[in-house]
>>> print(open('work-v3.txt').read())   # compact mmCIF, C-alpha atoms
# COMPACT_ATOMS: atom_id res chain seq x y z
CA MET A 1 -25.34 0.69 -19.12
CA ARG A 2 -27.98 1.55 -16.56
CA GLY A 3 -30.68 -0.13 -14.56
CA LEU A 4 -29.21 -3.54 -13.80
CA ILE A 5 -28.79 -2.76 -10.10
CA GLU A 6 -31.81 -1.67 -8.15
CA GLU A 7 -31.42 -0.59 -4.54
CA THR A 8 -30.59 -3.83 -2.81
CA VAL A 9 -29.21 -5.19 0.43
CA MET A 10 -25.67 -6.53 0.46
CA ARG A 11 -23.02 -7.47 3.02
CA ALA A 12 -20.35 -5.08 4.26
CA ALA A 13 -17.71 -5.00 6.99
CA LYS A 14 -17.87 -1.78 9.00
CA TYR A 15 -15.60 -0.23 11.59
CA VAL A 16 -17.90 0.72 14.46
CA GLY A 17 -15.37 2.05 16.97
CA SER A 18 -13.82 0.56 20.11
CA GLY A 19 -11.51 -1.64 18.05
CA GLN A 20 -14.36 -3.54 16.43
CA ILE A 21 -15.37 -4.55 12.90
CA GLU A 22 -18.93 -5.76 12.39
CA VAL A 23 -20.25 -7.53 9.30
CA GLY A 24 -23.83 -6.73 8.47
CA GLU A 25 -26.21 -5.41 5.85
CA ALA A 26 -25.77 -2.28 3.78
CA LYS A 27 -27.74 -0.74 0.95
CA GLN A 28 -26.43 -0.58 -2.60
CA ARG A 29 -27.73 1.88 -5.16
CA GLN A 30 -27.31 2.16 -8.89
CA PRO A 31 -24.10 3.96 -9.93
CA ALA A 32 -24.64 7.64 -10.59
CA ALA A 33 -23.41 9.43 -13.69
CA ASP A 34 -19.64 8.95 -14.12
CA GLU A 35 -19.62 6.18 -11.51
CA VAL A 36 -18.86 2.48 -11.76
CA ALA A 37 -20.31 -0.29 -9.60
CA ILE A 38 -17.68 -2.95 -8.82
CA ARG A 39 -18.38 -6.42 -7.46
CA VAL A 40 -15.43 -6.59 -5.07
CA ALA A 41 -13.50 -9.86 -5.16
CA PHE A 42 -10.63 -9.47 -2.67
CA ASN A 43 -9.54 -6.77 -0.28
CA GLY A 44 -6.16 -6.68 1.46
CA ILE A 45 -5.74 -5.29 4.96
CA CYS A 46 -2.93 -2.77 5.43
CA GLY A 47 -1.26 -0.85 8.23
CA THR A 48 -3.53 2.15 7.75
CA ASP A 49 -6.58 -0.09 8.21
CA LEU A 50 -5.01 -1.36 11.44
CA HIS A 51 -4.55 2.23 12.64
CA ILE A 52 -8.23 2.89 11.92
CA VAL A 53 -9.44 -0.14 13.88
CA GLN A 54 -7.10 0.72 16.76
CA GLY A 55 -8.91 4.07 17.01
CA HIS A 56 -5.96 6.20 15.91
CA MET A 57 -8.00 7.86 13.14
CA ASP A 58 -11.40 8.24 14.80
CA ALA A 59 -11.32 11.99 14.18
CA ARG A 60 -11.01 11.34 10.45
CA VAL A 61 -13.38 8.45 9.68
CA ALA A 62 -17.16 8.70 9.91
CA MET A 63 -18.51 5.69 11.80
CA PRO A 64 -19.87 3.19 11.02
CA ALA A 65 -17.20 3.18 8.31
CA VAL A 66 -16.81 0.73 5.44
CA ILE A 67 -13.03 0.80 5.00
CA GLY A 68 -10.61 -0.97 2.66
CA HIS A 69 -8.68 0.19 -0.39
CA GLU A 70 -6.36 -2.67 -1.49
CA MET A 71 -8.77 -4.46 -3.79
CA SER A 72 -9.65 -6.24 -6.97
CA GLY A 73 -13.00 -6.94 -8.56
CA VAL A 74 -15.16 -7.00 -11.66
CA ILE A 75 -17.32 -4.20 -13.02
CA GLU A 76 -21.00 -4.91 -12.40
CA GLU A 77 -22.48 -1.79 -13.99
CA VAL A 78 -21.42 1.60 -15.31
CA GLY A 79 -23.25 4.88 -14.91
CA GLU A 80 -24.18 7.39 -17.59
CA GLY A 81 -21.26 9.11 -19.27
CA VAL A 82 -18.74 6.37 -18.51
CA SER A 83 -16.65 5.26 -21.48
CA GLY A 84 -13.78 2.81 -21.82
CA LEU A 85 -15.09 0.61 -19.01
CA ALA A 86 -17.67 -2.17 -19.28
CA PRO A 87 -19.48 -4.77 -17.18
CA GLY A 88 -17.46 -7.94 -16.72
CA GLN A 89 -14.12 -6.13 -16.90
CA PRO A 90 -11.58 -6.97 -14.14
CA VAL A 91 -10.36 -3.85 -12.36
CA THR A 92 -8.71 -2.37 -9.34
CA VAL A 93 -9.01 1.13 -7.89
CA MET A 94 -6.42 3.83 -7.32
CA PRO A 95 -8.18 5.24 -4.25
CA LEU A 96 -7.27 8.92 -4.55
CA ARG A 97 -9.58 11.82 -5.37
CA TRP A 98 -8.09 15.29 -5.62
CA CYS A 99 -9.56 18.77 -5.87
CA GLY A 100 -7.64 19.93 -8.95
CA GLU A 101 -7.43 23.48 -7.59
CA CYS A 102 -5.00 23.62 -4.64
CA ALA A 103 -1.31 24.53 -4.91
CA SER A 104 -0.25 20.85 -5.03
CA CYS A 105 -2.70 20.03 -7.82
CA SER A 106 -1.76 23.15 -9.75
CA ALA A 107 1.89 22.09 -9.57
CA GLY A 108 1.05 18.67 -11.03
CA HIS A 109 1.22 16.78 -7.74
CA GLN A 110 -2.44 15.75 -7.54
CA HIS A 111 -1.64 12.58 -5.58
CA ILE A 112 -0.70 14.74 -2.58
CA CYS A 113 -3.57 17.18 -3.00
CA GLN A 114 -4.05 19.43 0.01
CA GLN A 115 -7.73 18.38 0.07
CA LEU A 116 -7.10 14.73 -0.78
CA ASP A 117 -9.97 12.25 -0.39
CA PHE A 118 -8.34 8.89 0.29
CA VAL A 119 -11.11 6.53 -0.72
CA GLY A 120 -11.59 3.83 1.89
CA ILE A 121 -10.61 6.21 4.69
CA ASP A 122 -12.22 9.58 4.02
CA SER A 123 -15.07 8.01 2.02
CA PRO A 124 -16.54 4.47 1.83
CA GLY A 125 -14.16 1.67 0.90
CA ALA A 126 -14.05 -1.80 -0.60
CA LEU A 127 -15.07 -4.12 2.25
CA GLN A 128 -18.52 -4.47 0.73
CA GLU A 129 -19.93 -6.76 -1.94
CA LEU A 130 -20.78 -3.94 -4.37
CA TRP A 131 -18.85 -0.68 -4.37
CA ASN A 132 -19.68 2.50 -6.28
CA VAL A 133 -16.64 4.61 -7.20
CA PRO A 134 -15.91 7.41 -9.67
CA ALA A 135 -14.85 6.04 -13.04
CA SER A 136 -11.73 8.23 -12.84
CA VAL A 137 -10.20 6.05 -10.09
CA VAL A 138 -10.77 2.71 -11.85
CA VAL A 139 -7.70 0.94 -13.25
CA PRO A 140 -8.33 -1.89 -15.74
CA LEU A 141 -6.56 -5.21 -15.20
CA PRO A 142 -5.28 -7.52 -17.94
CA GLU A 143 -7.22 -10.69 -18.59
CA GLY A 144 -5.59 -13.65 -16.92
CA LEU A 145 -4.22 -11.80 -13.90
CA SER A 146 -5.44 -13.56 -10.76
CA LEU A 147 -7.86 -11.40 -8.78
CA GLN A 148 -6.13 -12.56 -5.59
CA HIS A 149 -2.81 -11.31 -6.94
CA ALA A 150 -4.43 -8.14 -8.22
CA ALA A 151 -5.41 -7.20 -4.66
CA LEU A 152 -1.68 -6.47 -4.20
CA VAL A 153 -1.61 -3.75 -6.86
CA GLU A 154 -2.21 -0.88 -4.42
CA PRO A 155 0.56 -1.73 -1.90
CA LEU A 156 2.86 -2.66 -4.78
CA ALA A 157 2.20 0.77 -6.30
CA VAL A 158 3.36 2.29 -3.00
CA ALA A 159 6.64 0.39 -3.33
CA VAL A 160 7.01 1.33 -7.00
CA HIS A 161 6.53 4.99 -6.07
CA ASP A 162 9.06 4.74 -3.24
CA VAL A 163 11.69 3.22 -5.52
CA ARG A 164 10.96 5.74 -8.28
CA ARG A 165 11.30 8.63 -5.81
CA SER A 166 14.70 7.26 -4.78
CA ARG A 167 16.02 7.22 -8.38
CA LEU A 168 17.48 3.77 -7.68
CA THR A 169 19.26 2.31 -10.69
CA SER A 170 20.70 -1.04 -11.70
CA GLY A 171 23.93 -1.86 -9.91
CA GLU A 172 23.21 0.31 -6.87
CA THR A 173 22.77 -0.94 -3.31
CA ALA A 174 19.62 -0.33 -1.29
CA VAL A 175 19.09 -0.81 2.43
CA VAL A 176 15.50 -1.49 3.47
CA ILE A 177 14.86 -1.00 7.18
CA GLY A 178 11.70 -2.94 8.05
CA GLY A 179 10.42 -6.16 6.50
CA GLY A 180 6.68 -5.71 6.74
CA PRO A 181 4.46 -5.74 3.64
CA ILE A 182 5.76 -2.49 2.14
CA GLY A 183 9.38 -3.25 3.05
CA GLN A 184 9.09 -6.65 1.35
CA LEU A 185 7.61 -5.09 -1.76
CA ILE A 186 10.25 -2.35 -1.90
CA ALA A 187 12.91 -5.06 -1.73
CA VAL A 188 11.30 -6.98 -4.60
CA VAL A 189 10.84 -3.86 -6.77
CA ALA A 190 14.42 -2.78 -6.07
CA ARG A 191 15.70 -6.22 -7.05
CA ALA A 192 13.61 -6.08 -10.23
CA ALA A 193 15.33 -2.75 -11.01
CA GLY A 194 18.72 -4.48 -10.81
CA ALA A 195 19.79 -3.28 -7.36
CA SER A 196 21.39 -5.26 -4.55
CA VAL A 197 19.22 -5.23 -1.42
CA ILE A 198 20.05 -5.48 2.28
CA LEU A 199 16.92 -5.83 4.41
CA ALA A 200 16.91 -5.38 8.20
CA GLU A 201 14.05 -7.04 10.07
CA PRO A 202 13.89 -8.57 13.59
CA ASP A 203 11.24 -11.17 12.72
CA ALA A 204 12.74 -14.45 11.46
CA VAL A 205 9.77 -15.37 9.23
CA ARG A 206 9.92 -12.05 7.43
CA ARG A 207 13.70 -12.31 7.05
CA GLU A 208 13.32 -15.75 5.50
CA LEU A 209 10.76 -14.46 3.01
CA ALA A 210 13.05 -11.60 1.94
CA ALA A 211 16.00 -13.97 1.64
CA GLN A 212 14.02 -16.25 -0.65
CA HIS A 213 13.68 -13.38 -3.08
CA GLY A 214 17.29 -12.30 -3.19
CA ALA A 215 17.82 -9.88 -0.32
CA VAL A 216 20.71 -10.07 2.11
CA VAL A 217 18.91 -10.17 5.45
CA VAL A 218 20.05 -8.82 8.80
CA ASP A 219 18.60 -9.27 12.28
CA PRO A 220 19.14 -5.76 13.68
CA ILE A 221 18.83 -7.03 17.25
CA ALA A 222 21.53 -9.70 17.00
CA GLU A 223 23.68 -8.21 14.22
CA ASP A 224 25.33 -4.88 13.44
CA LEU A 225 23.50 -3.53 10.38
CA ALA A 226 26.08 -0.80 9.85
CA ALA A 227 28.89 -3.36 9.76
CA VAL A 228 27.03 -5.48 7.19
CA VAL A 229 26.39 -2.42 5.00
CA GLN A 230 30.05 -1.40 5.21
CA GLU A 231 31.18 -4.92 4.32
CA ARG A 232 28.78 -5.23 1.39
CA THR A 233 29.67 -1.81 -0.06
CA ALA A 234 33.45 -1.86 0.51
CA GLY A 235 33.09 0.85 3.14
CA ALA A 236 31.18 3.29 0.92
CA GLY A 237 27.65 2.93 2.30
CA ALA A 238 24.38 2.31 0.48
CA ASP A 239 23.20 4.38 -2.47
CA VAL A 240 19.66 4.45 -1.08
CA VAL A 241 18.22 3.78 2.38
CA PHE A 242 14.46 3.18 2.78
CA GLU A 243 13.16 3.71 6.32
CA VAL A 244 10.02 1.60 6.49
CA ALA A 245 9.93 0.46 10.13
CA GLY A 246 8.46 3.67 11.50
CA THR A 247 10.23 3.88 14.86
CA ALA A 248 12.22 6.74 16.33
CA GLY A 249 15.30 4.53 16.52
CA THR A 250 15.21 3.47 12.88
CA ALA A 251 14.59 7.04 11.73
CA LEU A 252 17.64 8.23 13.64
CA ASP A 253 19.74 5.34 12.33
CA ALA A 254 18.72 5.65 8.67
CA THR A 255 21.23 8.32 7.65
CA ARG A 256 24.07 6.28 9.14
CA HIS A 257 23.95 3.74 6.30
CA ALA A 258 24.01 6.07 3.28
CA ARG A 259 27.09 6.79 1.18
CA THR A 260 28.31 10.26 0.31
CA ARG A 261 25.49 11.99 -1.59
CA GLY A 262 23.27 8.98 -0.98
CA ARG A 263 19.49 9.21 -0.73
CA VAL A 264 17.43 8.45 2.38
CA VAL A 265 13.73 7.85 1.72
CA PHE A 266 11.28 8.05 4.61
CA VAL A 267 8.41 5.73 3.74
CA ALA A 268 6.90 4.88 7.14
CA ILE A 269 4.32 7.13 8.76
CA HIS A 270 5.70 8.82 11.89
CA PRO A 271 2.66 10.36 13.64
CA GLU A 272 4.91 12.32 15.99
CA PRO A 273 8.15 14.21 15.21
CA VAL A 274 11.29 12.08 15.62
CA PRO A 275 15.00 12.95 15.63
CA VAL A 276 17.01 12.75 12.39
CA ASP A 277 20.81 12.97 12.31
CA LEU A 278 21.17 16.25 10.41
CA HIS A 279 24.91 16.39 11.05
CA ARG A 280 25.22 13.22 8.95
CA VAL A 281 23.02 14.82 6.28
CA PHE A 282 25.36 17.83 6.23
CA TRP A 283 28.60 15.85 6.47
CA ARG A 284 27.84 13.49 3.59
CA GLU A 285 25.62 15.83 1.55
CA LEU A 286 22.74 13.39 1.77
CA GLU A 287 19.34 13.83 0.15
CA VAL A 288 16.35 13.24 2.42
CA LEU A 289 13.15 12.36 0.56
CA GLY A 290 9.58 11.75 1.59
CA ALA A 291 7.43 9.26 -0.30
CA ARG A 292 3.66 9.20 0.05
CA VAL A 293 1.10 7.09 -1.82
CA TYR A 294 1.52 6.90 -5.64
CA GLU A 295 0.70 8.30 -9.05
CA ARG A 296 -1.17 6.69 -11.93
CA ALA A 297 2.09 5.62 -13.59
CA ASP A 298 3.06 3.76 -10.41
CA PHE A 299 -0.26 1.91 -10.41
CA GLU A 300 0.09 0.91 -14.04
CA HIS A 301 3.67 -0.27 -13.50
CA ALA A 302 2.54 -2.31 -10.49
CA VAL A 303 -0.11 -4.01 -12.66
CA SER A 304 2.57 -4.83 -15.26
CA LEU A 305 4.93 -6.30 -12.65
CA LEU A 306 2.21 -8.60 -11.33
CA ALA A 307 1.02 -9.60 -14.80
CA ASP A 308 4.60 -10.41 -15.83
CA GLY A 309 5.12 -12.64 -12.79
CA ALA A 310 7.92 -10.43 -11.44
CA ILE A 311 6.34 -10.31 -7.97
CA PRO A 312 6.14 -13.42 -5.69
CA ALA A 313 2.46 -12.79 -5.00
CA ASP A 314 1.62 -16.21 -3.56
CA ALA A 315 4.47 -15.97 -1.06
CA LEU A 316 3.31 -12.53 0.08
CA ILE A 317 -0.30 -13.57 0.69
CA THR A 318 -0.36 -15.21 4.11
CA ARG A 319 -3.96 -16.40 3.91
CA VAL A 320 -7.45 -15.56 2.63
CA VAL A 321 -10.50 -15.27 4.89
CA PRO A 322 -14.22 -14.81 4.16
CA LEU A 323 -15.87 -11.46 4.84
CA GLU A 324 -17.39 -12.76 8.08
CA GLU A 325 -13.88 -13.27 9.52
CA THR A 326 -12.65 -9.74 8.82
CA MET A 327 -12.30 -8.95 12.54
CA ASP A 328 -10.27 -12.13 13.06
CA ALA A 329 -7.94 -11.05 10.26
CA PHE A 330 -7.30 -7.73 11.98
CA THR A 331 -6.59 -9.51 15.25
CA ASP A 332 -4.13 -11.86 13.54
CA LEU A 333 -2.28 -9.00 11.85
CA LEU A 334 -1.86 -7.22 15.17
CA SER A 335 -0.45 -10.28 16.93
CA ALA A 336 1.45 -12.23 14.25
CA ALA A 337 4.10 -11.77 11.59
CA ALA A 338 1.67 -12.15 8.69
CA ILE A 339 2.58 -10.25 5.54
CA LYS A 340 -0.78 -9.85 3.80
CA ILE A 341 -4.20 -11.23 4.68
CA LEU A 342 -6.88 -10.92 2.01
CA VAL A 343 -10.62 -10.81 2.65
CA ASP A 344 -12.69 -12.77 0.15
CA VAL A 345 -15.52 -10.24 0.04
CA GLN A 346 -17.94 -12.48 -1.87
CA GLY A 347 -17.22 -15.33 0.53
CA GLY A 348 -17.14 -18.01 -2.14
CA THR A 349 -20.35 -16.81 -3.80
CA ARG A 350 -18.68 -15.79 -7.08
>>> encode(input="work-v3.txt", output="structure tokens")
Amino acid sequence: MRGLIEETVMRAAKYVGSGQIEVGEAKQRQPAADEVAIRVAFNGICGTDLHIVQGHMDARVAMPAVIGHEMSGVIEEVGEGVSGLAPGQPVTVMPLRWCGECASCSAGHQHICQQLDFVGIDSPGALQELWNVPASVVVPLPEGLSLQHAALVEPLAVAVHDVRRSRLTSGETAVVIGGGPIGQLIAVVARAAGASVILAEPDAVRRELAAQHGAVVVDPIAEDLAAVVQERTAGAGADVVFEVAGTAGTALDATRHARTRGRVVFVAIHPEPVPVDLHRVFWRELEVLGARVYERADFEHAVSLLADGAIPADALITRVVPLEETMDAFTDLLSAAAIKILVDVQGGTR
């Protein structure tokens, strides 16, 4: 379907540098061939977005930059050549575009393409009322799934990928170091897989949230995490350790909690090299795994988990703000223990 959208002015939140987000006007065009125009409903703010606004990625983003990639919305229009998608359909976006030609793509690992375009970072994102994206990145949502809840699909897909990389199975024990948004979601996905979960997090609010959903929680400042792991596993250690906190100390400590031939999954982004206890890796024949983004199967499984009610979505969403308060949401996330703040991109106009 073509021609419904003429070039028009809409609202968008843009990163303009110096730690600032400004909400103003932007132009929207008709979707090109093989593109889809989405009326964005909700957009979640993540740690990567915080890094952008803090200026850590200024060499990568082209300012003024419309960012955002954790989203839900409804198709407004489809471009020529698009099939299987239609106006009015609820959708989310798996924000990865790969080249299809590099060594990673040729090996079947397109999600970690060596020329990866992470949509919302390397190209315009979802903090705008209408968003044109390639049809190939659009993921349909089931009817009846709340669009607020659906804005959690992308970070949930990260957690699904992390757990899948770890090969965690029912009856095993997982240690999650870090109780931020991804740590919370890993804990929930691991519990849904039938594992026992021990989550270490210094913030009391985040510990309480994890405890509500079945994790054994530990304050790593006041308690000895290693002692708790030993007690809970009869001295064996955890089958899987997820390092999600992203500090040098937690990276060094991660191998300490794994059993013989256990798996240690590094999920957090460490921008600088940090020490890892390789003697422990050698001594216990540990596997060390990296986990980055997700694949299509992870996205689809995340949609299913949310649609089935297996994820405590309402508890994970701290609050919802209108587009005009996007900068306030970033400020709150930097200074408080919020789990997930969503931006209502339409601002109540839907």
>>> residues_around(input="work-v3.txt", residues="A:Asp34", least_positions_apart="5", cutoff="8 Å", atoms="all atoms listed in the file", output="ChimeraX atom specification")
/A:78-82,134-135
>>> closest_atom_pairs(input="work-v3.txt", of="stretch 230-265 of chain A", to="stretch 269-292 of chain A", cutoff="6 Å", atoms="all atoms listed in the file", output="Markdown table")
| residue | atom | partner | partner_atom | distance |
| --- | --- | --- | --- | --- |
| A:Gly246 | CA | A:His270 | CA | 5.9 |
| A:Ala248 | CA | A:Val274 | CA | 5.5 |
| A:Leu252 | CA | A:Val276 | CA | 4.7 |
| A:Thr260 | CA | A:Arg284 | CA | 4.6 |
| A:Arg261 | CA | A:Leu286 | CA | 4.6 |
| A:Gly262 | CA | A:Leu286 | CA | 5.2 |
| A:Arg263 | CA | A:Glu287 | CA | 4.7 |
| A:Val264 | CA | A:Val288 | CA | 4.9 |
| A:Val265 | CA | A:Leu289 | CA | 4.7 |
>>> residues_near_point(input="work-v3.txt", point="(24.3, -0.3, 10.3)", cutoff="12 Å", atoms="only C-alpha atoms", output="tab-separated table (two decimals) with C-alpha atoms, in the coordinates of the input")
chain	number	residue	atom	x	y	z
A	175	VAL	CA	19.09	-0.81	2.43
A	176	VAL	CA	15.50	-1.49	3.47
A	177	ILE	CA	14.86	-1.00	7.18
A	198	ILE	CA	20.05	-5.48	2.28
A	199	LEU	CA	16.92	-5.83	4.41
A	200	ALA	CA	16.91	-5.38	8.20
A	218	VAL	CA	20.05	-8.82	8.80
A	219	ASP	CA	18.60	-9.27	12.28
A	220	PRO	CA	19.14	-5.76	13.68
A	221	ILE	CA	18.83	-7.03	17.25
A	222	ALA	CA	21.53	-9.70	17.00
A	223	GLU	CA	23.68	-8.21	14.22
A	224	ASP	CA	25.33	-4.88	13.44
A	225	LEU	CA	23.50	-3.53	10.38
A	226	ALA	CA	26.08	-0.80	9.85
A	227	ALA	CA	28.89	-3.36	9.76
A	228	VAL	CA	27.03	-5.48	7.19
A	229	VAL	CA	26.39	-2.42	5.00
A	230	GLN	CA	30.05	-1.40	5.21
A	231	GLU	CA	31.18	-4.92	4.32
A	232	ARG	CA	28.78	-5.23	1.39
A	233	THR	CA	29.67	-1.81	-0.06
A	235	GLY	CA	33.09	0.85	3.14
A	237	GLY	CA	27.65	2.93	2.30
A	238	ALA	CA	24.38	2.31	0.48
A	241	VAL	CA	18.22	3.78	2.38
A	249	GLY	CA	15.30	4.53	16.52
A	250	THR	CA	15.21	3.47	12.88
A	252	LEU	CA	17.64	8.23	13.64
A	253	ASP	CA	19.74	5.34	12.33
A	254	ALA	CA	18.72	5.65	8.67
A	255	THR	CA	21.23	8.32	7.65
A	256	ARG	CA	24.07	6.28	9.14
A	257	HIS	CA	23.95	3.74	6.30
A	258	ALA	CA	24.01	6.07	3.28
A	259	ARG	CA	27.09	6.79	1.18
>>> residues_near_point(input="work-v3.txt", point="(15.0, -3.3, 0.3)", cutoff="8 Å", atoms="only C-alpha atoms", output="list in words")
Ala174, Val175, Val176, Ile177, Gly183, Gln184, Leu185, Ile186, Ala187, Val188, Ala190, Arg191, Val197, Ile198, Leu199, Ala215 and Phe242 of chain A
>>> closest_residue(input="work-v3.txt", among="A:Gly347, A:Gly55, A:Pro312, A:Gly19", to="A:Val40", atoms="only C-alpha atoms")
A:Gly347
>>> closest_residue(input="work-v3.txt", among="A:Pro155, A:Pro87, A:Gly100, A:Pro142", to="A:Glu70", atoms="only C-alpha atoms")
A:Pro155
>>> atom_distance(input="work-v3.txt", atom1="atom CA of A:Gly125", atom2="atom CA of A:Leu316")
22.5 Å
>>> closest_residue(input="work-v3.txt", among="A:Pro140, A:Gly171, A:Gly179, A:Pro95", to="A:Val216", atoms="all atoms listed in the file")
A:Gly179
>>> residues_around(input="work-v3.txt", residues="stretch 302-309 of chain A", least_positions_apart="6", cutoff="10 Å", atoms="only C-alpha atoms", output="ChimeraX atom specification")
/A:92,139-146,149-150,152-161,189,192,296
>>> residues_around(input="work-v3.txt", residues="A:Met10", least_positions_apart="6", cutoff="12 Å", atoms="all atoms listed in the file", output="list in words")
Val23, Gly24, Glu25, Ala26, Lys27, Gln28, Arg29, Arg39, Val40, Leu127, Gln128, Glu129, Leu130, Trp131, Leu323, Val345 and Gln346 of chain A
>>> atom_distance(input="work-v3.txt", atom1="atom CA of A:Asp122", atom2="atom CA of A:Val53")
14.1 Å
>>> atom_distance(input="work-v3.txt", atom1="atom CA of A:Val217", atom2="atom CA of A:Ala337")
16.1 Å
>>> closest_residue(input="work-v3.txt", among="A:Gly180, A:Pro31, A:Pro322, A:Pro124", to="A:Met63", atoms="only C-alpha atoms")
A:Pro124
>>> closest_residue(input="work-v3.txt", among="A:Val293, A:Ala12, A:Cys105, A:Cys46", to="A:Ala329", atoms="all atoms listed in the file")
A:Cys46
>>> residues_around(input="work-v3.txt", residues="stretch 108-112 of chain A", least_positions_apart="2", cutoff="9 Å", atoms="only C-alpha atoms", output="list in words")
Leu96, Arg97, Trp98, Cys99, Gly100, Cys102, Ala103, Ser104, Cys105, Ser106, Gln114, Gln115, Leu116, Arg292, Val293, Tyr294, Glu295 and Arg296 of chain A
>>> write_last_selection(input="work-v3.txt", atoms="C-alpha atoms", output="PDB file, in the coordinates of the input")
ATOM      1  CA  LEU A  96      -7.270   8.920  -4.550  1.00  0.00           C
ATOM      2  CA  ARG A  97      -9.580  11.820  -5.370  1.00  0.00           C
ATOM      3  CA  TRP A  98      -8.090  15.290  -5.620  1.00  0.00           C
ATOM      4  CA  CYS A  99      -9.560  18.770  -5.870  1.00  0.00           C
ATOM      5  CA  GLY A 100      -7.640  19.930  -8.950  1.00  0.00           C
ATOM      6  CA  CYS A 102      -5.000  23.620  -4.640  1.00  0.00           C
ATOM      7  CA  ALA A 103      -1.310  24.530  -4.910  1.00  0.00           C
ATOM      8  CA  SER A 104      -0.250  20.850  -5.030  1.00  0.00           C
ATOM      9  CA  CYS A 105      -2.700  20.030  -7.820  1.00  0.00           C
ATOM     10  CA  SER A 106      -1.760  23.150  -9.750  1.00  0.00           C
ATOM     11  CA  GLN A 114      -4.050  19.430   0.010  1.00  0.00           C
ATOM     12  CA  GLN A 115      -7.730  18.380   0.070  1.00  0.00           C
ATOM     13  CA  LEU A 116      -7.100  14.730  -0.780  1.00  0.00           C
ATOM     14  CA  ARG A 292       3.660   9.200   0.050  1.00  0.00           C
ATOM     15  CA  VAL A 293       1.100   7.090  -1.820  1.00  0.00           C
ATOM     16  CA  TYR A 294       1.520   6.900  -5.640  1.00  0.00           C
ATOM     17  CA  GLU A 295       0.700   8.300  -9.050  1.00  0.00           C
ATOM     18  CA  ARG A 296      -1.170   6.690 -11.930  1.00  0.00           C
TER      19      ARG A 296
END
